[in-house]
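Below is my_file-v9.cif, holding mmCIF, C-alpha atoms.
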```
data_upload
loop_
_atom_site.label_atom_id
_atom_site.label_comp_id
_atom_site.auth_asym_id
_atom_site.auth_seq_id
_atom_site.Cartn_x
_atom_site.Cartn_y
_atom_site.Cartn_z
CA MET A 1 -52.96 -69.47 -54.67
CA LYS A 2 -49.65 -68.28 -53.27
CA TYR A 3 -47.20 -70.69 -51.94
CA PRO A 4 -45.01 -69.78 -48.95
CA LEU A 5 -41.48 -68.80 -49.81
CA ASN A 6 -38.80 -71.15 -48.99
CA LYS A 7 -35.71 -70.08 -47.10
CA LYS A 8 -33.63 -69.52 -50.19
CA GLU A 9 -36.17 -67.29 -51.83
CA LEU A 10 -36.69 -65.38 -48.59
CA ARG A 11 -32.96 -64.74 -48.24
CA PHE A 12 -32.76 -63.52 -51.85
CA LYS A 13 -35.65 -61.13 -51.33
CA LYS A 14 -34.05 -59.61 -48.23
CA LYS A 15 -30.82 -59.03 -50.11
CA LYS A 16 -32.74 -57.39 -52.94
CA LEU A 17 -34.45 -55.04 -50.54
CA LEU A 18 -31.13 -54.21 -48.87
CA TYR A 19 -29.48 -53.40 -52.16
CA ALA A 20 -32.39 -51.23 -53.16
CA PHE A 21 -32.15 -49.32 -49.85
CA ILE A 22 -28.40 -48.85 -50.29
CA CYS A 23 -28.92 -47.54 -53.80
CA ILE A 24 -31.55 -45.09 -52.60
CA VAL A 25 -29.22 -43.85 -49.84
CA LEU A 26 -26.37 -43.44 -52.32
CA VAL A 27 -28.56 -41.54 -54.75
CA VAL A 28 -29.84 -39.24 -52.03
CA GLY A 29 -26.30 -38.67 -50.73
CA VAL A 30 -24.93 -37.83 -54.17
CA TYR A 31 -27.86 -35.53 -54.83
CA TRP A 32 -27.27 -33.74 -51.49
CA ILE A 33 -23.56 -33.35 -52.15
CA LEU A 34 -24.20 -31.97 -55.62
CA THR A 35 -26.94 -29.57 -54.63
CA ARG A 36 -25.77 -28.26 -51.20
CA GLU A 37 -24.39 -24.70 -50.87
CA LYS A 38 -20.65 -24.56 -50.64
CA GLN A 39 -19.31 -22.76 -47.55
CA PRO A 40 -17.05 -19.89 -48.65
CA ALA A 41 -13.43 -20.11 -47.60
CA PRO A 42 -12.51 -17.66 -44.84
CA ASP A 43 -11.26 -14.28 -46.22
CA ILE A 44 -7.67 -13.35 -45.38
CA PRO A 45 -7.41 -9.62 -44.59
CA VAL A 46 -5.40 -7.48 -46.97
CA VAL A 47 -3.20 -4.89 -45.25
CA SER A 48 -0.56 -2.34 -46.11
CA VAL A 49 2.77 -2.50 -44.30
CA MET A 50 5.89 -0.41 -44.11
CA PRO A 51 9.22 -0.90 -42.34
CA VAL A 52 9.79 0.91 -39.05
CA GLU A 53 12.15 3.82 -39.77
CA GLN A 54 14.67 5.89 -37.88
CA GLN A 55 15.38 9.56 -38.54
CA ASN A 56 16.52 12.76 -36.87
CA VAL A 57 13.51 14.46 -35.31
CA GLU A 58 13.39 18.16 -34.44
CA ILE A 59 11.36 18.94 -31.31
CA PHE A 60 9.76 22.40 -31.27
CA GLY A 61 7.84 24.45 -28.75
CA GLU A 62 5.44 27.28 -29.57
CA TYR A 63 5.16 30.39 -27.40
CA VAL A 64 3.98 33.98 -27.47
CA GLY A 65 6.86 36.45 -27.74
CA ARG A 66 7.44 40.17 -27.67
CA ILE A 67 10.01 42.04 -29.72
CA ARG A 68 12.20 44.73 -28.22
CA ALA A 69 15.09 46.78 -29.52
CA GLN A 70 18.65 45.69 -28.92
CA GLN A 71 19.31 49.19 -27.52
CA PHE A 72 16.77 51.65 -26.15
CA VAL A 73 18.21 54.97 -24.99
CA GLU A 74 16.47 57.93 -23.41
CA VAL A 75 17.80 61.32 -24.43
CA ARG A 76 17.63 63.62 -21.37
CA ALA A 77 18.66 67.17 -20.58
CA ARG A 78 21.60 67.21 -18.17
CA VAL A 79 21.46 70.96 -17.45
CA GLU A 80 18.56 73.28 -16.75
CA GLY A 81 17.46 75.80 -19.33
CA PHE A 82 14.93 76.68 -21.99
CA LEU A 83 14.86 74.51 -25.11
CA GLU A 84 15.89 76.68 -28.05
CA ASN A 85 16.23 74.43 -31.08
CA MET A 86 15.53 70.92 -32.43
CA LEU A 87 17.82 69.75 -35.24
CA PHE A 88 16.28 66.47 -36.44
CA GLU A 89 13.15 65.10 -38.06
CA GLU A 90 11.02 62.94 -35.83
CA GLY A 91 10.98 59.23 -36.65
CA THR A 92 14.12 59.36 -38.81
CA TYR A 93 17.49 57.67 -38.49
CA VAL A 94 20.09 59.63 -36.54
CA SER A 95 23.82 58.98 -36.23
CA ARG A 96 25.95 58.76 -33.14
CA ASN A 97 27.03 62.23 -31.84
CA GLN A 98 24.54 63.99 -34.16
CA VAL A 99 23.24 67.24 -32.60
CA LEU A 100 19.59 66.84 -31.60
CA PHE A 101 18.67 69.73 -29.28
CA VAL A 102 20.12 73.07 -28.21
CA ILE A 103 19.41 74.50 -24.75
CA ASP A 104 19.82 78.22 -23.95
CA GLN A 105 23.58 78.66 -23.51
CA ARG A 106 23.83 82.22 -22.26
CA GLN A 107 24.11 81.59 -18.52
CA TYR A 108 26.49 78.67 -19.02
CA ARG A 109 28.70 80.63 -21.42
CA ALA A 110 28.85 83.50 -18.92
CA LYS A 111 29.76 81.05 -16.17
CA ALA A 112 32.51 79.58 -18.33
CA ASP A 113 33.85 83.06 -19.20
CA LYS A 114 33.89 83.97 -15.51
CA ALA A 115 35.79 80.81 -14.65
CA ARG A 116 38.22 81.45 -17.47
CA ALA A 117 38.88 85.00 -16.23
CA GLN A 118 39.37 83.73 -12.70
CA LEU A 119 41.86 81.18 -14.03
CA LYS A 120 43.83 83.91 -15.76
CA LYS A 121 43.87 85.91 -12.55
CA ASP A 122 45.04 82.91 -10.59
CA GLU A 123 47.70 82.14 -13.18
CA ALA A 124 49.06 85.68 -12.63
CA GLN A 125 49.00 85.05 -8.89
CA ALA A 126 50.84 81.78 -9.51
CA ARG A 127 53.57 83.53 -11.41
CA LYS A 128 53.97 86.03 -8.53
CA ALA A 129 53.98 83.13 -6.03
CA LYS A 130 56.74 81.49 -8.08
CA ARG A 131 58.86 84.60 -7.92
CA ASP A 132 58.25 84.90 -4.17
CA LEU A 133 59.25 81.28 -3.69
CA ASP A 134 62.41 81.79 -5.69
CA ARG A 135 63.34 84.71 -3.40
CA ILE A 136 62.50 82.92 -0.14
CA LYS A 137 64.53 79.79 -0.84
CA PRO A 138 68.02 81.51 -0.79
CA LEU A 139 67.03 83.53 2.25
CA TYR A 140 65.91 80.39 4.06
CA GLU A 141 69.21 78.72 3.27
CA GLN A 142 71.03 81.72 4.80
CA ASN A 143 68.73 81.61 7.87
CA ALA A 144 67.36 84.98 6.82
CA ALA A 145 63.81 83.61 6.46
CA SER A 146 61.91 81.26 8.71
CA GLN A 147 60.49 77.84 7.89
CA LEU A 148 57.00 79.31 8.11
CA ASP A 149 57.81 81.87 5.42
CA LEU A 150 59.05 79.08 3.11
CA ASP A 151 55.98 76.91 3.74
CA ASN A 152 53.60 79.78 3.03
CA ALA A 153 55.40 80.57 -0.24
CA VAL A 154 55.27 76.93 -1.38
CA ALA A 155 51.54 76.61 -0.50
CA ALA A 156 50.67 79.84 -2.30
CA TYR A 157 52.42 78.62 -5.46
CA GLU A 158 50.94 75.11 -5.49
CA THR A 159 47.31 76.14 -4.87
CA ALA A 160 47.21 79.22 -7.05
CA VAL A 161 45.79 77.53 -10.21
CA GLY A 162 44.27 74.13 -9.28
CA MET A 163 40.84 75.25 -8.04
CA SER A 164 40.33 77.75 -10.83
CA GLN A 165 41.16 75.13 -13.44
CA ALA A 166 38.59 72.74 -11.93
CA ASP A 167 35.92 75.48 -11.95
CA LEU A 168 36.64 76.20 -15.62
CA ASP A 169 36.45 72.50 -16.54
CA GLN A 170 33.08 72.19 -14.80
CA ALA A 171 31.73 75.34 -16.44
CA GLU A 172 32.83 74.20 -19.92
CA GLN A 173 31.31 70.76 -19.29
CA GLU A 174 27.94 72.31 -18.37
CA LEU A 175 28.19 74.53 -21.44
CA GLY A 176 28.79 71.41 -23.56
CA TYR A 177 25.66 69.79 -22.08
CA THR A 178 23.55 72.53 -23.67
CA ILE A 179 24.27 70.81 -27.00
CA VAL A 180 22.37 67.52 -26.74
CA ARG A 181 23.84 64.84 -29.01
CA SER A 182 22.68 61.36 -29.95
CA PRO A 183 24.45 58.72 -27.81
CA ILE A 184 23.87 55.91 -30.39
CA SER A 185 22.87 55.44 -34.00
CA GLY A 186 19.24 54.49 -34.47
CA HIS A 187 15.71 55.71 -35.10
CA ILE A 188 14.54 58.58 -32.94
CA SER A 189 11.05 59.05 -31.58
CA GLU A 190 8.96 62.20 -31.60
CA ARG A 191 10.07 64.96 -29.26
CA HIS A 192 8.61 64.83 -25.76
CA VAL A 193 8.83 68.57 -25.14
CA ASP A 194 8.12 71.67 -27.19
CA LEU A 195 10.53 74.46 -28.01
CA GLY A 196 10.67 77.10 -25.28
CA THR A 197 9.95 74.57 -22.52
CA LEU A 198 12.07 74.64 -19.38
CA VAL A 199 14.01 71.37 -19.32
CA GLY A 200 16.52 69.92 -16.93
CA SER A 201 16.44 69.45 -13.18
CA GLY A 202 13.57 71.89 -12.61
CA GLY A 203 11.55 70.83 -15.68
CA LYS A 204 11.11 67.88 -17.99
CA SER A 205 14.37 66.06 -18.55
CA LEU A 206 13.21 63.43 -21.11
CA LEU A 207 13.55 64.93 -24.57
CA ALA A 208 13.24 61.89 -26.88
CA THR A 209 14.09 58.18 -27.17
CA ILE A 210 16.30 56.34 -29.67
CA VAL A 211 16.07 52.66 -30.58
CA LYS A 212 18.67 50.60 -32.38
CA SER A 213 16.81 47.79 -34.14
CA ASP A 214 19.21 46.44 -36.77
CA THR A 215 19.19 43.47 -34.43
CA VAL A 216 16.19 42.84 -32.19
CA LEU A 217 15.60 40.74 -29.10
CA VAL A 218 12.65 38.35 -28.84
CA ASP A 219 11.45 37.69 -25.30
CA PHE A 220 9.18 34.75 -24.48
CA SER A 221 8.40 32.65 -21.43
CA MET A 222 8.84 28.92 -20.89
CA THR A 223 7.36 26.82 -18.13
CA ALA A 224 9.17 24.94 -15.40
CA LEU A 225 8.03 21.73 -17.13
CA ASP A 226 9.86 22.81 -20.30
CA TYR A 227 12.97 23.29 -18.18
CA LEU A 228 12.72 19.82 -16.62
CA LYS A 229 12.20 18.19 -20.01
CA SER A 230 15.24 20.01 -21.40
CA LYS A 231 17.32 18.73 -18.48
CA GLU A 232 16.14 15.20 -19.19
CA ARG A 233 17.39 15.63 -22.75
CA ASN A 234 20.67 17.11 -21.43
CA VAL A 235 19.95 20.50 -23.03
CA ASN A 236 20.81 23.74 -21.23
CA ILE A 237 18.44 26.43 -22.47
CA GLY A 238 20.18 29.69 -23.30
CA GLN A 239 23.69 28.21 -23.44
CA LYS A 240 25.69 27.30 -26.52
CA ASP A 241 27.07 23.78 -26.68
CA GLN A 242 29.81 23.17 -29.22
CA ASN A 243 29.56 19.41 -28.70
CA ARG A 244 26.14 19.10 -30.33
CA SER A 245 25.34 19.38 -34.02
CA TRP A 246 22.57 21.96 -33.56
CA GLN A 247 21.91 25.18 -31.69
CA PRO A 248 18.62 26.42 -30.18
CA THR A 249 17.15 28.64 -32.89
CA VAL A 250 13.78 30.37 -33.10
CA THR A 251 11.53 31.39 -35.96
CA ILE A 252 8.69 33.87 -35.66
CA THR A 253 5.41 34.46 -37.47
CA LEU A 254 4.58 37.92 -38.80
CA PRO A 255 1.13 39.53 -38.37
CA ASP A 256 0.12 38.35 -41.88
CA ASN A 257 0.85 34.73 -40.79
CA THR A 258 3.97 34.47 -42.93
CA THR A 259 7.21 33.15 -41.50
CA TYR A 260 10.01 35.67 -40.97
CA PRO A 261 12.92 34.63 -43.25
CA PHE A 262 15.67 35.05 -40.64
CA LYS A 263 16.24 32.78 -37.67
CA GLY A 264 17.25 33.90 -34.20
CA LEU A 265 19.50 32.25 -31.65
CA VAL A 266 18.56 31.75 -28.01
CA ASP A 267 21.34 33.38 -25.98
CA PHE A 268 19.87 33.84 -22.51
CA ALA A 269 17.50 32.17 -20.05
CA GLU A 270 16.49 33.59 -16.68
CA PRO A 271 18.04 31.47 -13.90
CA GLN A 272 14.89 31.57 -11.76
CA VAL A 273 11.14 31.02 -12.13
CA ASP A 274 8.67 33.83 -11.57
CA PRO A 275 6.51 32.57 -8.67
CA ARG A 276 3.52 34.58 -9.92
CA THR A 277 3.37 32.89 -13.33
CA GLY A 278 5.40 29.71 -12.93
CA THR A 279 7.48 30.63 -15.98
CA PHE A 280 10.98 31.92 -16.69
CA SER A 281 12.06 34.39 -19.35
CA VAL A 282 14.03 33.35 -22.42
CA ARG A 283 15.66 35.70 -24.92
CA ALA A 284 16.67 35.21 -28.54
CA GLU A 285 18.68 37.56 -30.73
CA MET A 286 17.41 37.99 -34.29
CA PRO A 287 18.72 40.02 -37.25
CA ASN A 288 16.44 42.77 -38.56
CA PRO A 289 18.31 44.33 -41.50
CA ASP A 290 15.19 45.65 -43.27
CA HIS A 291 13.52 46.85 -40.05
CA VAL A 292 10.50 44.64 -40.68
CA LEU A 293 10.22 43.86 -36.97
CA LEU A 294 9.14 46.74 -34.75
CA PRO A 295 10.00 46.91 -31.05
CA GLY A 296 6.98 46.29 -28.86
CA GLN A 297 5.00 44.07 -31.22
CA PHE A 298 3.82 40.59 -30.20
CA THR A 299 4.55 37.52 -32.29
CA LYS A 300 4.32 33.73 -32.35
CA VAL A 301 7.64 32.08 -31.50
CA LYS A 302 8.60 28.56 -32.59
CA ALA A 303 11.70 27.44 -30.69
CA LEU A 304 13.88 24.42 -31.49
CA LEU A 305 14.16 22.59 -28.16
CA ASP A 306 15.93 19.39 -29.14
CA VAL A 307 17.00 17.16 -32.03
CA ARG A 308 16.37 13.46 -31.42
CA GLU A 309 18.99 11.70 -33.51
CA ASN A 310 18.12 8.27 -34.98
CA ALA A 311 14.71 8.24 -33.31
CA THR A 312 12.22 5.46 -34.10
CA VAL A 313 9.19 7.02 -35.79
CA VAL A 314 5.83 5.71 -37.00
CA PRO A 315 2.94 7.40 -38.82
CA GLN A 316 0.05 8.42 -36.60
CA LYS A 317 -2.42 6.60 -38.85
CA ALA A 318 -0.90 3.27 -37.72
CA LEU A 319 -1.59 3.97 -34.03
CA ILE A 320 -4.47 2.49 -32.07
CA ILE A 321 -5.02 4.25 -28.74
CA GLU A 322 -7.31 2.64 -26.20
CA LYS A 323 -7.83 2.80 -22.48
CA GLY A 324 -5.04 0.33 -21.85
CA GLY A 325 -2.50 2.28 -23.89
CA ALA A 326 -1.26 2.73 -27.43
CA TYR A 327 -0.41 -0.20 -29.67
CA VAL A 328 0.25 -1.15 -33.29
CA PHE A 329 0.06 -4.33 -35.33
CA VAL A 330 3.35 -5.83 -36.52
CA MET A 331 3.53 -8.50 -39.22
CA ARG A 332 5.84 -11.42 -38.53
CA LYS A 333 7.84 -13.32 -41.13
CA ASP A 334 5.10 -15.98 -41.38
CA SER A 335 2.56 -13.29 -42.39
CA THR A 336 0.77 -13.39 -39.05
CA VAL A 337 0.24 -10.25 -37.01
CA GLU A 338 0.87 -9.48 -33.36
CA ARG A 339 -0.34 -6.65 -31.19
CA ARG A 340 2.58 -4.58 -29.89
CA PHE A 341 2.10 -2.05 -27.09
CA ILE A 342 4.45 0.93 -27.43
CA GLU A 343 5.52 3.99 -25.44
CA LEU A 344 4.90 7.22 -27.33
CA GLY A 345 7.17 10.25 -27.44
CA PRO A 346 6.81 13.69 -29.03
CA GLU A 347 4.62 14.23 -32.08
CA PHE A 348 5.81 16.00 -35.22
CA GLY A 349 3.77 16.49 -38.36
CA ASN A 350 1.87 13.26 -39.09
CA HIS A 351 4.36 11.09 -37.23
CA VAL A 352 5.17 10.29 -33.63
CA VAL A 353 8.36 9.17 -31.90
CA VAL A 354 8.29 5.70 -30.30
CA GLU A 355 10.38 5.55 -27.14
CA ARG A 356 10.25 1.76 -26.80
CA GLY A 357 8.37 -1.24 -28.18
CA LEU A 358 9.60 -1.28 -31.79
CA VAL A 359 12.90 -1.91 -33.52
CA PRO A 360 13.97 -0.66 -36.96
CA ASN A 361 12.88 -2.56 -40.08
CA GLU A 362 9.99 -4.40 -38.42
CA GLN A 363 6.96 -4.58 -40.71
CA LEU A 364 4.37 -2.17 -39.36
CA VAL A 365 0.72 -2.46 -40.45
CA THR A 366 -0.42 0.99 -41.56
CA GLU A 367 -3.76 0.23 -43.24
CA GLY A 368 -6.39 -2.48 -42.83
CA TYR A 369 -5.72 -3.16 -39.16
CA HIS A 370 -9.29 -2.49 -37.99
CA LYS A 371 -10.43 -6.13 -38.48
CA LEU A 372 -7.24 -7.76 -37.24
CA ASN A 373 -6.80 -9.98 -34.24
CA PRO A 374 -3.48 -11.16 -32.81
CA GLY A 375 -2.21 -14.28 -34.61
CA MET A 376 -4.34 -13.70 -37.72
CA LYS A 377 -2.76 -14.37 -41.11
CA VAL A 378 -2.77 -11.48 -43.56
CA HIS A 379 -1.97 -10.66 -47.17
CA VAL A 380 0.12 -7.61 -48.05
CA ALA A 381 -1.52 -5.27 -50.55
CA SER A 382 0.31 -4.91 -53.85
CA ALA A 383 1.57 -1.62 -55.16
CA GLU A 384 -1.33 -1.46 -57.66
CA THR A 385 -3.88 -1.86 -54.86
CA ASN A 386 -2.27 0.95 -52.87
CA GLU A 387 -2.23 3.16 -55.94
CA LYS A 388 -5.94 2.54 -56.54
CA LYS A 389 -6.69 3.42 -52.92
CA GLN A 390 -4.77 6.65 -53.24
CA GLN A 391 -6.62 7.53 -56.46
CA THR A 392 -9.96 6.81 -54.80
CA THR A 393 -9.04 8.99 -51.80
CA THR A 394 -7.95 11.80 -54.14
CA ALA A 395 -11.18 11.55 -56.13
CA LYS A 396 -13.24 11.86 -52.95
#
```
Before we go any further, please render this structure as structure tokens.
Amino acid sequence: MKYPLNKKELRFKKKKLLYAFICIVLVVGVYWILTREKQPAPDIPVVSVMPVEQQNVEIFGEYVGRIRAQQFVEVRARVEGFLENMLFEEGTYVSRNQVLFVIDQRQYRAKADKARAQLKKDEAQARKAKRDLDRIKPLYEQNAASQLDLDNAVAAYETAVGMSQADLDQAEQELGYTIVRSPISGHISERHVDLGTLVGSGGKSLLATIVKSDTVLVDFSMTALDYLKSKERNVNIGQKDQNRSWQPTVTITLPDNTTYPFKGLVDFAEPQVDPRTGTFSVRAEMPNPDHVLLPGQFTKVKALLDVRENATVVPQKALIIEKGGAYVFVMRKDSTVERRFIELGPEFGNHVVVERGLVPNEQLVTEGYHKLNPGMKVHVASAETNEKKQQTTTAK
């Protein structure tokens, strides 16, 4: 038979149950804490950085050029006659004033002999006119001869030889033209006429051509946009400027894709644009001591357009280009990153010029920026980590 609990026993039992419940809750809580999965700490991205640098940047333009000789001379017959002789080997080097062709001289020698004989005759007439003049003068002074007699004697003496001398000079000059000489030193082409051909005014006058190619000229065309950009950089194409530390040089590529060892200098630019092509002609002078370059051949021209001194440059691998523009990530002193929009300039190699948006020595993120967000904290990769990455890339 159970007796009802008194108040004291009832209070004690409630406390006992409460303590038991608290113990159970504590045990369950400790068990949950000990057995629950720990949330991993957020990973901090590891990046590679480098300081923003400044350097002198050479800006080049590539064009298609054509080589021509510094001098190109046509050898022509200046008198008419049959070609008698050729005194050179085709394609060889000839010297200035070297005899190249001989034209039939017989008619021109006869003409010169006739003029010479006429001159001798006129010289004899001149001597007679001199004697007549010497006789007339005293008579005129004594009023024994008229003024007309004196004037006729003077005119006969003064005109006795002049015309004949001019005819002889012309005849000897034409006779000299039958010997065709080289006007310059250079390489001569094949002959354009055969021996026995009538050359001169009534026949073919072009006998051969001579090119002087110890120095060659390289012609190429630039666009009006190239001209405007050069003006923006305060560069006058085709003009030397002693105030700058560089001059506009060109290099060319040979047909075997090797670079010609000598550089040329731009010395002329056409002052107007061709309306048919929208371009203007530019010329560079280039040494050709070994005659490697042949007039008429086409070549690739690489022209130095400008040198940007102390330009801010960044590697292209650090750039992110999206619809809104180009930007990079820059690490602050507190190891957080910010997105920096920049204005790009010319590209060269694996780098690009930054016109504005960066200052020298800022820490530029070059690798690991793909998972970055502005304001995110980052770790800088150690030298060993970078070396391992390079080795892995090389192994691939």
Kindly resolve the PyMOL selection byres ((chain A and resi 272) around 12) on the present coordinates and return the residues as a JSON list (two decimals) with C-alpha atoms, keeping the file's coordinate frame.
```json
[["chain", "number", "residue", "atom", "x", "y", "z"],
["A", 221, "SER", "CA", 8.40, 32.65, -21.43],
["A", 222, "MET", "CA", 8.84, 28.92, -20.89],
["A", 223, "THR", "CA", 7.36, 26.82, -18.13],
["A", 224, "ALA", "CA", 9.17, 24.94, -15.40],
["A", 227, "TYR", "CA", 12.97, 23.29, -18.18],
["A", 269, "ALA", "CA", 17.50, 32.17, -20.05],
["A", 270, "GLU", "CA", 16.49, 33.59, -16.68],
["A", 271, "PRO", "CA", 18.04, 31.47, -13.90],
["A", 273, "VAL", "CA", 11.14, 31.02, -12.13],
["A", 274, "ASP", "CA", 8.67, 33.83, -11.57],
["A", 275, "PRO", "CA", 6.51, 32.57, -8.67],
["A", 276, "ARG", "CA", 3.52, 34.58, -9.92],
["A", 277, "THR", "CA", 3.37, 32.89, -13.33],
["A", 278, "GLY", "CA", 5.40, 29.71, -12.93],
["A", 279, "THR", "CA", 7.48, 30.63, -15.98],
["A", 280, "PHE", "CA", 10.98, 31.92, -16.69],
["A", 281, "SER", "CA", 12.06, 34.39, -19.35],
["A", 282, "VAL", "CA", 14.03, 33.35, -22.42]]
```
**Study point:** Residues within 9 Å of A:Glu53, all atoms listed in the file, excluding chain neighbours under 5 positions, as an MDAnalysis selection string
**Key:** chainID A and resid 310:314 359:362
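Note that atom CA of A:Val64 and atom CA of A:Met286 are 15.6 Å apart.
Coordinates place atom CA of A:Ile237 at a distance of 18.4 Å from atom CA of A:Glu309.
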Review point. Can you list, as a PyMOL selection string, every protein, DNA or RNA residue that comes within 12 Å of A:Val354 when you count all atoms listed in the file, leaving out same-chain residues fewer than 6 positions away?
Key: chain A and resi 52-55+57+308+310-316+319+326-328+340-348+360
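The two atoms in question, atom CA of A:Leu207 and atom CA of A:Glu172, are spaced 21.9 Å apart.
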Point to revise | A:Leu364 environment, 6 Å, all atoms listed in the file, sequence neighbours closer than 5 positions dropped, as a ChimeraX atom specification | key: /A:49-51,330
Practice item. Just say which residues the PyMOL selection byres ((chain A and resi 171) around 10) picks in this file, as a ChimeraX atom specification. Key: /A:108-116,165-170,172-177
Review point. Using the chain letters and numbers from the file, which residues does the PyMOL selection byres ((chain A and resi 379) around 7) grab, as a count of residues only?
Key: 7
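The residue that comes closest to A:Pro183, out of A:Ser230, A:Gln147, A:Ser213, A:Gln98 and on the basis of only C-alpha atoms, is A:Gln98.
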Exercise for review: Please provide as number ranges by chain all residues within 12 Å of A:Asn234, with the sequence filter that same-chain residues fewer than 4 positions apart are discarded (counting only C-alpha atoms).
Suggested key: A: 227-230, 239, 241, 243-244, 305-308
Point to revise | Selection as an MDAnalysis selection string: residues within 6 Å of (11.3, 48.4, -30.7), counting only C-alpha atoms | key: chainID A and resid 68:69 294:296
Point to revise | Pick from A:Thr336, A:Ser164, A:Asn97, A:Gln105 nearest to A:Leu372, counting all atoms listed in the file | key: A:Thr336
All residues 10 Å or closer to A:Gly203, only C-alpha atoms, same chain fewer than 2 positions away omitted, as a PDB file with C-alpha atoms, in the coordinates of the input:
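Output below, filename part00.pdb:
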```pdb
ATOM      1  CA  ALA A  77      18.660  67.170 -20.580  1.00  0.00           C
ATOM      2  CA  GLU A  80      18.560  73.280 -16.750  1.00  0.00           C
ATOM      3  CA  GLY A  81      17.460  75.800 -19.330  1.00  0.00           C
ATOM      4  CA  PHE A  82      14.930  76.680 -21.990  1.00  0.00           C
ATOM      5  CA  THR A 197       9.950  74.570 -22.520  1.00  0.00           C
ATOM      6  CA  LEU A 198      12.070  74.640 -19.380  1.00  0.00           C
ATOM      7  CA  VAL A 199      14.010  71.370 -19.320  1.00  0.00           C
ATOM      8  CA  GLY A 200      16.520  69.920 -16.930  1.00  0.00           C
ATOM      9  CA  SER A 201      16.440  69.450 -13.180  1.00  0.00           C
ATOM     10  CA  SER A 205      14.370  66.060 -18.550  1.00  0.00           C
ATOM     11  CA  LEU A 206      13.210  63.430 -21.110  1.00  0.00           C
TER      12      LEU A 206
END
```
Point to revise | Best match for closeness to A:Val365 among A:Arg339, A:Asp104, A:Ile188, A:Asn350, counting all atoms listed in the file | key: A:Arg339
